[in-house]
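S.K.: Submitted below is the structure of interest, expressed as structure tokens.
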Amino acid sequence: MRIPTEKEAKAAFSALSNADPDRAAGCWIILGNFLLEYDRAPWCEFGAKYCFERALHDLEEGKALPRQLADALLGFGAALTDEGSGYRDKVLFEAIRHLDRAIAIYQELEDNVAILNARFYRGYALSEIVGPERYSAAQSAVDELKEVRASFRAGDDRIIRANVDSILGSAYLDLVEGDPWENLSLAEQAFRSALHVFSRAQNDEGMAQGYLNLAVVYNMRQILGDAACTPKAIKYARRSLKHSTKTLPPEVLSSTLSNLARALADSGGRQQASNIRKAETLLSEAITASDTAGVEGGDVLRLVRAGLIIELCQYHGANRMGDAMADIVATKGKFDPLETTQWWLEWHELEALYLSISRDFAEVIKIAEHVLEQTRGIVEQTSTFAEQSHQLGFVSVIADLGVLAYLKEKGPAAALEYARKAFGRLLGFNTKPNVQPEGTAELYLLNPVVEGCADVLLAEGGFVERYTLEGVGKSFWTKATDRLEAGFFAGMEEFLQHGRRRPMAIALEEWILKISDALGPVLSNLRDRDFEEVVIFAFGGWCTVPIAALQFPREHGAARQVIDDMSVAFGPDQYLPHPIDLGHALHIVDFDLCEARQEARTLQDQLRQYTACSTLRKVQQHLSGSSAFDVIHFTTHGSHDFDYLEGAGIRCADGEVLTARWVFENAKLKGGPLVCLAACQTGLPDFSNLPHETFGLPTAFLVAGASAVISTQWPVDDVASRHLMHRLYQYIGQGQPVSAALRAAQIWLRDAEARDLDAISTGKSRFSRQGQGHLSGGRHPFSHPYFWAGFQLHRA
């Protein structure tokens with residue numbers, strides 16, 4: 001689309017007064033194209049959108065020349081896309097419809113240049129969508145803009161190419177599928193390419209936008225856990241401000257100020273309170289800029305400012321809750337649960353947090369119940385696994401505050417009822433009250449919502465007791481997940497980075513002792529009441545605790561572990577007896593792994609029918625409901641990346657990964673099979689944003705139809721895994737329930753003497769190539785919890 005000169009635009013404007021409809025349409029298109037580039041002209045009171053709208057009005061379909069009609073459609077779609085910011089999805093979808101029609105006409109005319117121009121604006125419009133279709137639109141934008149970029153030739157306008165790169169980078173930022181670190185790297189590459197062009201052209205507006213984009217990238221990396229990115233985010237935001245001019249769009253200026261504010265607020269250290277106050281000042285400037293220009297976005301910035309003020313009050317002694325409430329009140333009713341879901345959820349989270357601090361627990365209960373009621377609609381409209389998890393993360397935080405409010409306002413019994421409902425609703429399971437058999441306890445390890453302590457609920461039938469545990473509040477879990485304290489997370493980092501098992505084992509021992517001490521009163525009660533089984537509902541970081549290995553207080557006699565007295569299962573859990581028939585086994589196996597062939601022989605010996613498969617395509621075919629299996633057993637590598645939701649997966653023998661997302665969205669398991677994930681670290685949800693995450697491989701398989709899933713909390717030893725699985729199937733074959741069979745197999749492995757293992761042990765480990773330090777040895781080679789305590793049973 002050629003940009004007319006001002007002389008041509010003025011001539012077209014003058015000709016409008018005497019032109020017939022056909023000629024007037026051409027004049028409107030010329031004038032619209034000029035205004036699309038230069039926004040306003042002192043000699044013309046119209047805007048680009050109005051011009052193209054008039055052109056379309058004057059062009060009667062069927063009589064209009066195809067090119068004129070296509071140019072008017074392209075111009076109108078481009079003007080709609082360029083207009084405003086914030087939530088305007090209806091306008092953007094209207095723009096896309098006009099651009100689709102323009103592209104179809106240009107294709108008939110075989111005008112490839114015009115097609116590329118229209119596709120650029122279509123990709124731009126897709127990248128601006130912020131409502132329910134945001135994430136699928138972002139992927140479509142990436143696909144569109146990559147093809148547009150690939151079509152450029154050496155002599156093409158470099159500024160146009162830079163604009164494509166800038167929008168492509170923004171689309172990468174909105175992707176929820178794939179590795180977030182890789183998406184950020186691709187976004188940065190695109191932004192830097194655009195910035196290079198704008199810098200050479202001394203284009204201040206482009207440079208301001210380019211540096212802003214880099215500030216956004218480094219802020220997002222900081223959120224993913226790279227604290228070293230915060231200074232870079234501050235640097236690039238300040239450079240963006242340096243290049244800001246009076247002609248800079250107000251939404252760019254407000255975004256620059258808010259990103260600088262975010263980077264300052266996240267910088268930590270001794271100056272954190274001071275930096276948060278500076279961030280608040282910047283946000284106030286950004287809000288003023290948005291309000292003055294009449295553009296959307298100010299309400300979202302008010303939410304961010306309210307959160308910062310609440311943080312100052314909670315952790316830095318400020319007495320300004322009234323200021324936070326002013327922003328919350330000012331944005332009440334501004335967001336819709338289905339159209340602007342994330343902001344709607346953030347608003348309710350902030351309101352619930354404010355009311356919790358103000359101790360208005362009755363109102364917190366109302367909010368928590370209201371949000372939970374909206375959850376089904378929120379879940380049904382999401383199109384991807386990762387998007388659903390992201391939205392439910394906010395719901396889970398509000399649910400945590402709801403449990404606390406019920407505890408304070410109505411007591412443990414009401415809190416337990418709400419916790420059961422919340423847990424079921426978040427995970428998509430039946431939300432009817434749990435029915436547990438006699439002798440079974442339910443233990444709810446709740447996310448701490450205050451600094452110094454956490455609440456735990458222990459229930460048997462309708463009877464419930466509340467425990468307030470000192471020393472395991474929010475700060476404890478923050479330090480643990482940030483690897484600042486010895487424990488599970490620090491041990492896992494040591495193992496994953498350096499392959500050393502001994503430091504991990506020592507960290508695991510410290511973790512077990514620390515949590516055993518914190519849960520001392522609860523564990524004493526469990527032991528004294530002679531429960532046969534305890535069902536664990538673990539929220540957030542509690543998912544990393546190997547409950548079976550926790551030690552009862554040593555009040556009398558030798559130390560005993562939980563597994564010595566009772567079976568352990570993890571929720572979601574409805575008591576639905578489902579005996580496992582050892583009939584047909586599906587073995588998903590990598591035969592190159594140590595012990596894989598021995599595990600295959602175990603399955604062939606224990607089950608009547610055996611099917612093996614190794615490639616991802618075959619695995620997906622079997623899991624899609626084409627056949628029914630009683631047992632689905634994995635002998636593969638598993639993986640988990642704490643910063644990457646889809647990092648939870650099973651690596652098949654062909655190197656392809658069966659992700660939790662694929663299982664959640666596509667698998668259909670007939671007959672309620674037992675799924676044994678005898679792979680490393682398959683049982684954890686994602687902890688990139690504790691305490692928000694609720695998904696993982698076990699949940700995905702339960703949703704797909706499994707009756708029970710056995711998974712692992714950390715990279716398991718191959719020999720120990722084979723021994724344990726061999727005994728597990730033996731005990732199931734003898735008629736024991738899965739929970740009792742797993743407990744018996746774990747105790748057997750822990751207590752087994754070396755002489756009883758020599759006949760079937762190869763002495764190898766799945767991690768023998770990278771593992772350093774030998775843990776097993778002596779009379780009981782697998783007595784360390786590292787070998788047996790990581791196996792967990794999840795039931796539905």
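Identifiers in this document derive from the order of the structure tokens: chains are assigned A, B, ..., residues are numbered from 1 separately in each chain, and ligands are numbered from 1 in order of occurrence.
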Give me the residues within 7 Å of A:Ala549 as a ChimeraX atom specification, counting only C-alpha atoms and dropping any in the same chain fewer than 4 places off.

M.R.: /A:512,561-563,785,789

S.K.: With C-alpha atoms retained, could you export that selection as a short mmCIF file (atom, residue, chain, number, x, y, z; two decimals), in the first residue's frame?

M.R.:
```
data_model
loop_
_atom_site.label_atom_id
_atom_site.label_comp_id
_atom_site.auth_asym_id
_atom_site.auth_seq_id
_atom_site.Cartn_x
_atom_site.Cartn_y
_atom_site.Cartn_z
CA ILE A 512 12.60 -35.03 56.07
CA GLN A 561 8.44 -43.68 59.92
CA VAL A 562 4.90 -43.02 58.74
CA ILE A 563 5.09 -45.98 56.37
CA PRO A 785 14.72 -42.82 51.70
CA ALA A 789 10.28 -42.82 49.57
#
```

S.K.: For the atom pair atom CA of A:Ala596 and atom CA of A:Ala548, what is the interatomic distance in Å to one decimal place?

M.R.: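 Atom CA of A:Ala548 lies 26.3 Å from atom CA of A:Ala596.
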
S.K.: Any chance you could list, as a VMD selection string, the residues in stretch 94-166 of chain A that come up alpha helix (DSSP H) when DSSP is run on the backbone?

M.R.: chain A and resid 94 to 109 112 to 128 134 to 150 158 to 166

S.K.: Applying 10 Å and only C-alpha atoms, which residues near stretch 227-243 of chain A remain after dropping the ones on its own chain fewer than 2 positions away? List them as a ChimeraX atom specification.

M.R.: /A:202-225,245,248,252-253,255-268

S.K.: Excluding A:Glu45 and residues on its chain fewer than 4 positions from it, collect all residues at most 12 Å away from it, counting only C-alpha atoms, and give them as a list of chain:residue names.

M.R.: A:Phe13, A:Leu31, A:Gly32, A:Leu35, A:Asp39, A:Arg40, A:Ala41, A:Tyr50, A:Cys51

S.K.: Could you tell me which of A:Ala441, A:Ala585, A:Val472, A:Val364 comes closest to A:Lys408 if we count only C-alpha atoms?

M.R.: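 For A:Lys408, the nearest of the candidates is A:Val364.
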
S.K.: I'd like the neighbourhood of A:Gln606 as a CSV table (one decimal) with N, CA, C and O atoms, in the first residue's frame, where a residue qualifies if any of its atoms comes within 8 Å (using only C-alpha atoms), though same-chain residues fewer than 3 positions away should be ignored.

M.R.:
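Saved to around_31.csv:
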```
chain,number,residue,atom,x,y,z
A,582,LEU,N,-4.5,-58.1,37.0
A,582,LEU,CA,-3.3,-58.2,36.3
A,582,LEU,C,-3.5,-59.0,35.0
A,582,LEU,O,-3.0,-60.1,34.8
A,602,THR,N,9.5,-58.9,34.3
A,602,THR,CA,8.6,-58.9,35.4
A,602,THR,C,7.2,-58.8,35.0
A,602,THR,O,6.3,-59.5,35.4
A,603,LEU,N,6.9,-57.8,34.0
A,603,LEU,CA,5.5,-57.6,33.5
A,603,LEU,C,5.0,-58.9,32.8
A,603,LEU,O,3.9,-59.3,33.0
A,729,TYR,N,3.8,-55.6,42.0
A,729,TYR,CA,2.9,-56.5,41.2
A,729,TYR,C,2.6,-57.8,41.9
A,729,TYR,O,1.5,-58.4,41.8
A,730,GLN,N,3.6,-58.3,42.6
A,730,GLN,CA,3.4,-59.5,43.3
A,730,GLN,C,2.3,-59.3,44.4
A,730,GLN,O,1.4,-60.1,44.5
A,733,GLY,N,-1.1,-58.9,42.8
A,733,GLY,CA,-1.5,-60.2,42.4
A,733,GLY,C,-2.1,-61.1,43.5
A,733,GLY,O,-2.9,-62.0,43.3
```

S.K.: Determine, counting only C-alpha atoms, which protein, DNA and RNA residues have an atom within 12 Å of an atom of A:Asp756; residues of the same chain fewer than 4 positions away are not included. Present the result as number ranges by chain.

M.R.: A: 723, 748-749, 751-752, 760-761, 779-782

S.K.: Any chance you could export the current selection's N, CA and C atoms as a compact mmCIF listing (two decimals), in the first residue's frame?

M.R.:
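Saved as out_27.txt:
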```txt
# COMPACT_ATOMS: atom_id res chain seq x y z
N HIS A 723 13.20 -53.39 41.54
CA HIS A 723 12.88 -54.25 42.68
C HIS A 723 11.51 -53.89 43.25
N TRP A 748 9.51 -53.50 52.10
CA TRP A 748 10.38 -54.61 51.70
C TRP A 748 11.70 -54.10 51.15
N LEU A 749 11.64 -53.09 50.25
CA LEU A 749 12.86 -52.57 49.64
C LEU A 749 13.74 -51.91 50.69
N ASP A 751 13.96 -52.55 53.88
CA ASP A 751 14.51 -53.49 54.85
C ASP A 751 15.25 -54.67 54.22
N ALA A 752 15.25 -54.77 52.89
CA ALA A 752 15.84 -55.93 52.23
C ALA A 752 17.34 -55.99 52.50
N ILE A 760 19.05 -61.02 41.85
CA ILE A 760 18.32 -60.31 40.79
C ILE A 760 18.85 -58.91 40.54
N SER A 761 19.89 -58.49 41.26
CA SER A 761 20.40 -57.14 41.10
C SER A 761 21.52 -57.11 40.07
N ARG A 779 24.46 -53.86 54.86
CA ARG A 779 23.51 -54.96 55.00
C ARG A 779 22.19 -54.65 54.32
N HIS A 780 21.74 -53.39 54.41
CA HIS A 780 20.47 -52.98 53.81
C HIS A 780 20.77 -51.92 52.75
N PRO A 781 21.07 -52.33 51.53
CA PRO A 781 21.60 -51.40 50.52
C PRO A 781 20.61 -50.33 50.06
N PHE A 782 19.31 -50.55 50.26
CA PHE A 782 18.32 -49.58 49.79
C PHE A 782 17.53 -48.97 50.95
```

S.K.: Contacts of A:Tyr786 at 12 Å or less, counting only C-alpha atoms, minus same-chain residues fewer than 4 places along, as a PyMOL selection string?

M.R.: chain A and resi 488+491-492+501-509+511-512+546+548-549+680+712-718+720-721+746+749-750+774-776+781-782+790-791

S.K.: So what do you get for atom CA of A:Leu353 versus atom CA of A:Leu401, distance-wise?

M.R.: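 Answer for the atom CA of A:Leu353 to atom CA of A:Leu401 separation: 7.2 Å.
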
S.K.: Could you tell me how far atom CA of A:Ile547 lies from atom CA of A:Asp581, in Å and to one decimal?

M.R.: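 Between atom CA of A:Ile547 and atom CA of A:Asp581 the gap works out to 27.6 Å.
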
S.K.: Produce a table with one row for each residue of stretch 357-474 of chain A that has an atom at most 7 Å from any atom of stretch 528-545 of chain A, each row naming the nearest atom pair and its distance in Å at one decimal; use only C-alpha atoms; arrange rows by chain and rising residue number; format as CSV.

M.R.:
```
residue,atom,partner,partner_atom,distance
A:Gly439,CA,A:Phe531,CA,4.9
A:Thr440,CA,A:Glu533,CA,4.8
A:Ala441,CA,A:Val534,CA,4.6
A:Glu442,CA,A:Val535,CA,4.8
A:Leu443,CA,A:Ile536,CA,5.0
A:Tyr444,CA,A:Phe537,CA,4.8
A:Leu445,CA,A:Ala538,CA,5.0
A:Leu446,CA,A:Phe539,CA,5.5
A:Asn447,CA,A:Phe539,CA,5.6
```

S.K.: Residues of the last selection are to be written out with N, CA and C atoms, as a PDB file, in the first residue's frame.

M.R.:
```
ATOM      1  N   GLY A 439     -11.015 -45.890  59.410  1.00  0.00           N
ATOM      2  CA  GLY A 439      -9.581 -46.088  59.613  1.00  0.00           C
ATOM      3  C   GLY A 439      -8.717 -45.286  58.654  1.00  0.00           C
ATOM      4  N   THR A 440      -9.345 -44.418  57.861  1.00  0.00           N
ATOM      5  CA  THR A 440      -8.591 -43.585  56.914  1.00  0.00           C
ATOM      6  C   THR A 440      -8.685 -42.125  57.325  1.00  0.00           C
ATOM      7  N   ALA A 441      -7.539 -41.463  57.366  1.00  0.00           N
ATOM      8  CA  ALA A 441      -7.491 -40.041  57.701  1.00  0.00           C
ATOM      9  C   ALA A 441      -7.268 -39.230  56.435  1.00  0.00           C
ATOM     10  N   GLU A 442      -7.727 -37.989  56.464  1.00  0.00           N
ATOM     11  CA  GLU A 442      -7.426 -37.034  55.403  1.00  0.00           C
ATOM     12  C   GLU A 442      -6.553 -35.938  56.016  1.00  0.00           C
ATOM     13  N   LEU A 443      -5.449 -35.641  55.363  1.00  0.00           N
ATOM     14  CA  LEU A 443      -4.539 -34.614  55.852  1.00  0.00           C
ATOM     15  C   LEU A 443      -4.403 -33.524  54.791  1.00  0.00           C
ATOM     16  N   TYR A 444      -4.891 -32.327  55.116  1.00  0.00           N
ATOM     17  CA  TYR A 444      -4.833 -31.189  54.199  1.00  0.00           C
ATOM     18  C   TYR A 444      -3.669 -30.286  54.610  1.00  0.00           C
ATOM     19  N   LEU A 445      -2.648 -30.264  53.769  1.00  0.00           N
ATOM     20  CA  LEU A 445      -1.483 -29.416  54.001  1.00  0.00           C
ATOM     21  C   LEU A 445      -1.691 -28.146  53.184  1.00  0.00           C
ATOM     22  N   LEU A 446      -2.160 -27.094  53.834  1.00  0.00           N
ATOM     23  CA  LEU A 446      -2.636 -25.905  53.144  1.00  0.00           C
ATOM     24  C   LEU A 446      -1.499 -24.934  52.868  1.00  0.00           C
ATOM     25  N   ASN A 447      -1.639 -24.210  51.767  1.00  0.00           N
ATOM     26  CA  ASN A 447      -0.666 -23.173  51.451  1.00  0.00           C
ATOM     27  C   ASN A 447      -0.663 -22.102  52.532  1.00  0.00           C
TER      28      ASN A 447
END
```
